[in-house]
Amino acid sequence: MPVSVPNGNDPIAVIADDPRHSVSGFTTEFIRELHNRQGVSLRDASLHDKFQATASAVRHYMVDEWLETKDKNAAAKQKTVGYLSAEYLLGPQLDNALLATDLTEIVEESLAQHGIDLAQVREQEVEPGLGNGGLGRLAACFIDSLATMDVPCIGYGIRYEYGIFRQTFVDGHQVEEADKWLALESPWEFVHPENAVQVNFAGHTETWTDETGRERTRWVPGWGVQGLPYNYLVPGYGTRRVNTLRLWGARANNQFDLKTFNQGDYVEAVRAQTFAENISKVLYPEDSTPQGKELRLQQQYFFVACSLRDFIENELEPGFDLHRLGERIIFQLNDTHPVIAVPELMRILIDEKGFEWDEAWEVTKSCFAYTCHTLLPEALEVWPTELLGRLLPRHMQIINLINVSFMAEVRATFPGDEERALRMSIVTEHPVQSVRMAHLATVAGSKVNGVAALHSQLLRDKVLPDFSALWPEKFTNVTNGVTPRRFVRQSNPGLSALVTSRIGGGWVKHLDQFDGLEPLADDAGFREEFRAVKAANKERLREVLHKRDGIDLPEGHLLDVMVKRLHEYKRQTLKLLHVVSLYEQVLSGKRKVEDLTPRTVVFGAKAAPGYRLAKDIIHLINSVAAVVNRDPRLEGRLGIAFPANYNVTLAEKLIPAADLSEQISLAGMEASGTGNMKFALNGALTIGTDDGANVEIRGLVGDDNFFLFGMDEPAAAALREQGYRPRSIYESDETLRATIDLIESGIFSGGRGGAFGSVTSALLDEDRFMAFADFASYLEAQEAVEAKYADQEAWTRSAILNVARTGYFSSDRSMRDYLDRIWHAGPVV
Ligand SMILES: *Cc1c(COP(=O)(O)O)cnc(C)c1O
């Protein structure tokens, strides 16, 4: 299984000096944990006990460095990155901890001596799915990179009791189940109830006069909860730094409960407790389409209030002058979810610390920067002022005051342009009076960034054009990245060993060293080895899918993979139309079955539970799969595999096995994508539109090593402008018509026509994301894929060049860009 790769990093040698860093040393730690934590003997231990004991024994090796890191931070007094994110899609932790501590082989050997298989132990881990998709996974990559780069960072977020739902399929329909990831307890967290933080809600505000005769405002809250910090270790790779991820869990506030209890209403006291603890109960499963739910606003305020309080009270030395707060912290707002932190910091400085408004505003502006993650208008968060004012009355006042001075600035800069002022206002009157969180973030943030070059350009030109006209220097780009530790080194041990055998192991920390592979693309022996790695990864995937889903992947197929959240803009339907068109061509005799490139299309996608059309698309994919996979006329040359519950654990097995990466969103819709980067780094070729970071991937790997199709963003905008009519494309394109007609014929629904009417009519009547317009171009690009795949040497050469040329997409590089352009912070060694 895992192949040894020397780290080539000196700091590991320090750890290796530790006498515990040996097979016998680990065995001692492991047995101690089994006895003292699990309370079982080795003989009676269940697999779960063995996992818990392994995980907590591995954690022993990080705790000293973690405590040392805290001391280092306190002594250095340098700027910390406070990453504020409502989501962290961490994935399983054991392998990552083993890699960081360089213990993989020691643990494997130690367990083997007791008849325990590390691979089996590893499978016991339930991943913490505290995020929906790309945005949450990005946060997890970023904190990994900052630790590896020796930069002080605290990740702040929410410890949801239930993460993203577990997806199952019943008769091809998505069914959601609660994700009880804590049912067997997490071995990775340290809870500190003694450091609980009070968070208040509701009530009213009142004015009072202080000793100096100054008029002040205070908030008299209606109710409150406590936030309990749960600390997770974030170990850097090849360094002694271990940073902290601090997730907040809600607990009932004793004071409030006791009062009710003393009045004799025991049931009411318990009910109030449940109410309070609901705040961190469950992750909202909407990706890109926020629901304006009160509980969600409570979650947002809850975690930022805890985090600001924690940093100011616990991370800074006592007596620190808060006028200089911006020298010690930069809070990065991961999308608008944490933006309520802006009025919260103003409130703390003015109401609690006695700052004047202007002083407080100067400090606040220096402490925040904002990352925008979207281009979809429906993804931009707005909160009705009625709700915000009821839940957070003092914050609503502060937002209004920020807006008053902001409007004055706009009117002074653009005199007489009242329309512009209305467009830019933080508070809008339509359709109901609401706060636009992206505007608040842009006004308060020192910088605003998009997440890929194209996205940042569109952010300036289309999403926030008035703001970029007012403050052009505020806008910048940082292209996303992924951590090479998890998404190459851990998930693809075969490729890691092969690469390291040729260019050394420095790439794990310096992914630009992948460029040393460039000449090897022309080395026939290397290509052969590269293909063998891909074949072994496919074999590993076959075993996983067989065991996990009862899916039997055929051998020797091109693996064509589309895994990401189900959303119309990502266009899973376009992929499906391609499969159905191939099927239709064989049925109608337009294509001989022996001319098909043997191909399995793999889908993985969760739909938001309330997103009807997305769920209907899942049903359609499963229904097409059920028919196509069983049709003997295809002679096993075309199949669909749709394993349920796509998550990080599955991604780590799927991506290294893929040949073709599907990144086919309508141009101008996907902000960046990070799945696209993971695939390229693992040697899949991309078929994609000119969207998000695809643009940069293609620029780096070159047109010969990328299958481009479809309209670019200006073309899509122009088509929309002139009036897009999908039905006329259906009428004029014979292949498309036959494809849609086959779906409507009822062949995929037991002869019942109209079963998928919601999907086909969404396409025929509106096709919001113009799948029909790109259909012909997509099919042509797929033919180019088949032609290239027929020449395995040419294909492998391109795959190697994809790996060699995409080192840029390391999240270490993203972090360097944030540090230089936005945070103005650096490492503490
Ligand atoms: C990387 C990743 C994503 C993001 O994928 P995109 O294709 O960029 O949307 C979503 N979910 C998981 C589990 C991931 O690992």
# chains A, B, ... in the order shown; residues from 1 in each chain; ligands from 1
$ residues_near_ligand --ligand "ligand 1" --cutoff "10 Å" --atoms "only C-alpha atoms and all ligand atoms" --output "MDAnalysis selection string"
chainID A and resid 89:91 129 131:138 141 287 480:482 487 562:567 570 604:606 645:652 655 661:665 670:679 692:693
$ select_by_dssp --residues "segment 1-165 of chain A" --states "helix (DSSP H, G or I)" --output "ChimeraX atom specification"
/A:10-16,23-38,47-76,94-101,104-113,118-122,134-148
$ closest_residue --among "A:Ala369, A:Leu387, A:Met424, A:Leu376" --to "Leu666 of chain A" --atoms "only C-alpha atoms"
A:Leu376
$ residues_around --residues "Trp248 of chain A" --least-positions-apart "5" --cutoff "7 Å" --atoms "only C-alpha atoms" --output "short mmCIF file (atom, residue, chain, number, x, y, z; two decimals) with N, CA, C and O atoms, in the first residue's frame"
data_model
loop_
_atom_site.label_atom_id
_atom_site.label_comp_id
_atom_site.auth_asym_id
_atom_site.auth_seq_id
_atom_site.Cartn_x
_atom_site.Cartn_y
_atom_site.Cartn_z
N GLY A 157 -14.35 28.86 13.22
CA GLY A 157 -15.55 28.36 12.55
C GLY A 157 -16.53 27.76 13.54
O GLY A 157 -16.50 28.06 14.74
N ILE A 158 -17.41 26.93 13.04
CA ILE A 158 -18.49 26.35 13.84
C ILE A 158 -18.33 24.84 13.92
O ILE A 158 -18.09 24.17 12.91
N ARG A 159 -18.46 24.31 15.14
CA ARG A 159 -18.46 22.86 15.32
C ARG A 159 -19.90 22.37 15.19
O ARG A 159 -20.61 22.21 16.18
N GLY A 227 -20.50 30.07 23.95
CA GLY A 227 -19.73 29.40 22.90
C GLY A 227 -18.56 28.66 23.53
O GLY A 227 -17.76 29.26 24.24
N LEU A 228 -18.54 27.35 23.29
CA LEU A 228 -17.43 26.55 23.82
C LEU A 228 -16.38 26.35 22.73
O LEU A 228 -16.72 25.90 21.63
N PRO A 229 -15.12 26.62 23.04
CA PRO A 229 -14.10 26.40 22.02
C PRO A 229 -13.68 24.94 21.96
O PRO A 229 -13.43 24.30 22.98
N TYR A 230 -13.66 24.41 20.74
CA TYR A 230 -13.11 23.08 20.48
C TYR A 230 -11.88 23.29 19.62
O TYR A 230 -11.99 23.79 18.50
N PHE A 303 -20.60 32.62 15.74
CA PHE A 303 -19.18 32.22 15.64
C PHE A 303 -18.25 33.41 15.51
O PHE A 303 -17.14 33.38 16.03
#
$ residues_around --residues "Arg460 of chain A" --least-positions-apart "2" --cutoff "12 Å" --atoms "only C-alpha atoms" --output "list in words"
Cys372, Leu375, Thr442, Val448, Asn449, Gly450, Ala453, Leu454, His455, Ser456, Gln457, Leu458, Lys462, Val463, Leu464, Pro465, Asp466, Phe467, Ser468, Ala469, Leu470, Trp471, Pro472, Glu473, Lys474, Phe475, Thr476 and Asn477 of chain A
